[in-house]
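K.L.:
For reference, the structure I am asking about is given below.
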Amino acid sequence: SLYPATASYLPLAFDESTGILQPMSAVFTSSSSSSLPSQSTTSQSSPTKELSDHPLSWAFRLSSQFVAATFSGGLGVLSLYPLDLVKTRMMNQRVGPSGTRLYLQSLDCFQKVVQYEGVRGLYRGLLPPLLASGPEVAIMFGVQDLLNGLPLSSADRNVGHHWQMESITGGCAGACQLLVTNPLEITKIRMQLQGETSRLFEAYGIPKTKPKTFSEVAVQMQLSGLYRGAAACLLRDIPFGALFFPFYAISKDYMRKERSMDAVGPTTKTFLAGTLAGIPAS
């Protein structure tokens with residue numbers, strides 16, 4: 001799936017104290033902790049209380065992150081979707097009338113899709129991932145941001161990044177995004193395979209059927225069918241979130257402290273941190 005590769009579509013905010021673009025939770029944590037007095041006897045306000053004090057500000061920030069995630073995620077889907085279709089076809093490798101596999105390798109699959117279905121065939125089933133790009137990222141990072149605001153995860157935040165709590169909140173966020181990703185992903189896969197199925201029907205002399213639209217596939221599968229394979233998706237998304245968030249936080253913290261990285265722009269640092277975190281998570 002393309003969805004786990006959303007490392008580059010992070011909802012970000014500008015941290016004025018460090019001059020670095022960071023995830024919304026990291027910026028919130030930094031701004032709240034930097035304003036606290038150093039006196040140990042002074043009571044510290046929890047992030048949960050600060051969120052409740054500024055509900056409109058937080059809601060506006062989350063909305064802006066959602067719009068940014070939808071736009072950037074949509075661009076990522078458009079640019080990488082042909083590779084995702086090739087991946088789906090190769091994973092669902094079938095045998096043709098001659099008894100041989102339809103595709104020898106990924107490049108052969110790409111060439112045959114263009115040959116038999118045209119360039120348009122490379123983008124078959126594009127609508128579901130486009131619809132999921134915004135809600136998926138908003139749910140994942142929104143849930144992680146909210147969980148990071150709980151007193152349990154905010155205690156003693158002045159002592160570096162608590163990667164254990166980042167891992168727990170990231171795993172919970174990965175599980176929550178399943179509500180959106182599973183129905184849209186399974187319909188996307190069904191639509192990606194329609195062109196191949198029509199070609200096999202033609203080879204076996206079976207009348208071809210008209211390719212179904214997104215709504216037709218969703219109605220045909222019904223609610224229970226849209227969540228088929230949810231257990232496997234949970235086994236993929238929970239570890240991804242549990243690994244991605246702590247590695248991302250550690251990478252950003254290292255780049256912030258490393259003086260050799262001072263000349264690197266904040267956008268480049270964010271891209272590098274997302275890439276470094278996405279590799280072990282994937």
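Labels for the structure tokens follow display order: chains A, B, ..., residues from 1 in each chain, ligands from 1.
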List every residue of region 72-179 of chain A that has an atom at most 9 Å from any atom of region 201-223 of chain A, giving for each one its closest atom pair and the distance in Å to one decimal, counting only C-alpha atoms, sorted by chain and then by ascending residue number, as a tab-separated table.
P.N.:
```
residue	atom	partner	partner_atom	distance
A:Gly96	CA	A:Ala203	CA	8.0
A:Pro97	CA	A:Ala203	CA	6.7
A:Gly125	CA	A:Phe214	CA	7.5
A:Leu127	CA	A:Phe214	CA	7.4
A:Pro128	CA	A:Phe214	CA	7.4
```
K.L.:
Give one line per residue of region 229-270 of chain A that approaches region 165-179 of chain A to at most 7 Å, naming the two atoms of the closest pair and their distance in Å to one decimal, counting only C-alpha atoms; sort by chain then ascending residue number and deliver it as a Markdown table.
P.N.:
```
| residue | atom | partner | partner_atom | distance |
| --- | --- | --- | --- | --- |
| A:Leu234 | CA | A:Ala175 | CA | 6.0 |
| A:Asp237 | CA | A:Gly174 | CA | 4.9 |
| A:Ile238 | CA | A:Gly171 | CA | 4.4 |
| A:Pro239 | CA | A:Gly171 | CA | 6.2 |
| A:Gly241 | CA | A:Gly170 | CA | 4.3 |
| A:Ala242 | CA | A:Ser167 | CA | 4.1 |
| A:Leu243 | CA | A:Ser167 | CA | 6.1 |
| A:Phe245 | CA | A:Gly170 | CA | 5.8 |
| A:Pro246 | CA | A:Glu166 | CA | 5.2 |
```
K.L.:
Just want the 6 Å neighbourhood of Gly278 (chain A), counted on only C-alpha atoms, with same-chain residues fewer than 3 positions away dropped. Output as a PyMOL selection string.
P.N.:
chain A and resi 7+244+274-275+281-282
K.L.:
Grab the residues selected above and save them as a PDB file, in the first residue's frame with C-alpha atoms.
P.N.:
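And here's again-v8.pdb as it stands now:
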```pdb
ATOM      1  CA  ALA A   7       6.457   9.810   6.051  1.00  0.00           C
ATOM      2  CA  PHE A 244       7.825   5.582  12.945  1.00  0.00           C
ATOM      3  CA  GLY A 274      10.753  11.232   7.750  1.00  0.00           C
ATOM      4  CA  THR A 275      12.830   9.087   5.396  1.00  0.00           C
ATOM      5  CA  ALA A 281       8.934   1.342  10.125  1.00  0.00           C
ATOM      6  CA  SER A 282       8.201  -0.024   6.651  1.00  0.00           C
TER       7      SER A 282
END
```
K.L.:
Determine which residues of region 124-277 of chain A DSSP labels as alpha helix (DSSP H) from the backbone of this structure, then write them out as a PyMOL selection string.
P.N.:
chain A and resi 127-148+151-154+163-176+178-192+194-203+214-226+230-257+266-277
K.L.:
Keeping C-alpha atoms for every residue in the selection just given, could you write it to a file as a compact mmCIF listing (two decimals), in the first residue's frame?
P.N.:
```txt
# COMPACT_ATOMS: atom_id res chain seq x y z
CA LEU A 127 -10.00 7.71 -6.37
CA PRO A 128 -9.92 5.67 -3.11
CA PRO A 129 -6.33 6.59 -2.14
CA LEU A 130 -6.99 10.23 -3.02
CA LEU A 131 -9.99 10.22 -0.70
CA ALA A 132 -7.97 8.53 2.04
CA SER A 133 -4.87 10.74 1.87
CA GLY A 134 -6.29 13.52 4.05
CA PRO A 135 -8.40 11.62 6.63
CA GLU A 136 -5.75 8.93 7.10
CA VAL A 137 -2.99 11.38 7.99
CA ALA A 138 -5.35 13.57 10.04
CA ILE A 139 -6.52 10.60 12.13
CA MET A 140 -3.06 9.16 12.63
CA PHE A 141 -1.30 12.37 13.62
CA GLY A 142 -4.34 13.84 15.38
CA VAL A 143 -4.71 10.80 17.64
CA GLN A 144 -0.98 10.74 18.32
CA ASP A 145 -1.02 14.44 19.16
CA LEU A 146 -3.98 14.04 21.54
CA LEU A 147 -2.43 11.04 23.30
CA ASN A 148 0.83 12.93 23.73
CA PRO A 151 -0.69 13.61 31.75
CA LEU A 152 0.66 10.06 31.55
CA SER A 153 2.75 10.86 28.50
CA SER A 154 3.66 14.44 29.41
CA TRP A 163 10.51 7.12 22.85
CA GLN A 164 8.57 4.50 24.80
CA MET A 165 5.49 6.74 25.00
CA GLU A 166 5.99 7.89 21.40
CA SER A 167 5.90 4.23 20.42
CA ILE A 168 2.71 3.52 22.39
CA THR A 169 0.85 6.57 21.08
CA GLY A 170 2.08 5.87 17.56
CA GLY A 171 0.78 2.30 17.70
CA CYS A 172 -2.62 3.51 18.92
CA ALA A 173 -2.73 6.09 16.13
CA GLY A 174 -1.90 3.41 13.55
CA ALA A 175 -4.77 1.28 14.82
CA CYS A 176 -7.26 4.17 14.64
CA LEU A 178 -7.76 1.51 10.05
CA LEU A 179 -11.32 2.89 10.17
CA VAL A 180 -10.56 4.86 7.02
CA THR A 181 -7.77 2.97 5.29
CA ASN A 182 -9.20 -0.55 5.19
CA PRO A 183 -12.42 0.18 3.22
CA LEU A 184 -10.65 2.47 0.77
CA GLU A 185 -7.67 0.18 0.33
CA ILE A 186 -9.69 -2.92 -0.42
CA THR A 187 -11.81 -1.08 -2.99
CA LYS A 188 -8.63 0.33 -4.54
CA ILE A 189 -7.17 -3.17 -4.94
CA ARG A 190 -10.37 -4.50 -6.51
CA MET A 191 -10.34 -1.64 -9.02
CA GLN A 192 -6.64 -2.08 -9.78
CA GLN A 194 -10.20 -5.05 -13.10
CA GLY A 195 -8.12 -4.41 -16.21
CA GLU A 196 -6.15 -7.61 -15.72
CA THR A 197 -9.36 -9.59 -15.14
CA SER A 198 -10.92 -8.26 -18.34
CA ARG A 199 -7.83 -9.28 -20.31
CA LEU A 200 -7.97 -12.82 -18.89
CA PHE A 201 -11.68 -13.08 -19.69
CA GLU A 202 -10.93 -12.12 -23.28
CA ALA A 203 -8.12 -14.68 -23.50
CA PHE A 214 -15.73 3.09 -6.87
CA SER A 215 -19.31 3.33 -5.58
CA GLU A 216 -20.35 0.12 -7.36
CA VAL A 217 -17.46 -1.82 -5.83
CA ALA A 218 -18.21 -0.45 -2.36
CA VAL A 219 -21.93 -1.31 -2.59
CA GLN A 220 -21.17 -4.80 -3.90
CA MET A 221 -18.79 -5.57 -1.01
CA GLN A 222 -21.12 -4.18 1.68
CA LEU A 223 -19.89 -3.09 5.11
CA SER A 224 -18.57 -6.48 6.23
CA GLY A 225 -16.63 -6.92 3.02
CA LEU A 226 -15.05 -3.46 3.26
CA ALA A 230 -8.65 -5.82 8.92
CA ALA A 231 -6.59 -8.07 11.22
CA ALA A 232 -3.73 -8.18 8.73
CA CYS A 233 -3.89 -4.40 8.31
CA LEU A 234 -3.71 -3.94 12.07
CA LEU A 235 -0.61 -6.14 12.16
CA ARG A 236 0.89 -3.78 9.58
CA ASP A 237 -0.30 -0.36 10.79
CA ILE A 238 0.28 -0.73 14.55
CA PRO A 239 3.98 -1.67 14.25
CA PHE A 240 4.44 1.03 11.61
CA GLY A 241 3.15 3.75 13.93
CA ALA A 242 4.98 2.29 16.93
CA LEU A 243 8.29 2.47 15.06
CA PHE A 244 7.83 5.58 12.95
CA PHE A 245 7.06 8.17 15.62
CA PRO A 246 9.96 7.44 18.02
CA PHE A 247 12.47 7.18 15.14
CA TYR A 248 11.15 10.45 13.71
CA ALA A 249 11.44 12.22 17.08
CA ILE A 250 14.97 10.88 17.63
CA SER A 251 16.05 11.91 14.12
CA LYS A 252 14.66 15.44 14.50
CA ASP A 253 16.25 15.80 17.94
CA TYR A 254 19.63 14.69 16.59
CA MET A 255 19.47 17.13 13.66
CA ARG A 256 18.51 19.95 16.00
CA LYS A 257 21.49 19.33 18.29
CA PRO A 266 14.11 22.91 7.99
CA THR A 267 12.25 21.36 5.07
CA THR A 268 15.25 19.19 4.19
CA LYS A 269 15.61 18.15 7.83
CA THR A 270 11.96 17.14 7.95
CA PHE A 271 12.31 15.13 4.74
CA LEU A 272 15.45 13.38 6.01
CA ALA A 273 13.89 12.61 9.39
CA GLY A 274 10.75 11.23 7.75
CA THR A 275 12.83 9.09 5.40
CA LEU A 276 15.04 7.75 8.20
CA ALA A 277 11.98 6.94 10.30
```
K.L.:
Quick check, in Å to one decimal: how far apart do CA of Cys109 (chain A) and CA of Tyr227 (chain A) lie?
P.N.:
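Pair CA of Cys109 (chain A) / CA of Tyr227 (chain A) returns 28.3 Å.
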K.L.:
What is the distance, in Å and to one decimal place, between CA of Phe71 (chain A) and CA of Leu83 (chain A)?
P.N.:
19.8 Å
K.L.:
Could you work out how far CA of Phe66 (chain A) lies from CA of Arg120 (chain A), giving the answer in Å with one decimal?
P.N.:
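CA of Phe66 (chain A) lies 28.7 Å from CA of Arg120 (chain A).
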K.L.:
Pick out the closest residue to Val114 (chain A) from this set: A:Gly265, A:Gly74, A:Leu126, A:Pro82. Count only C-alpha atoms.
P.N.:
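Result for the nearest residue to Val114 (chain A): A:Pro82.
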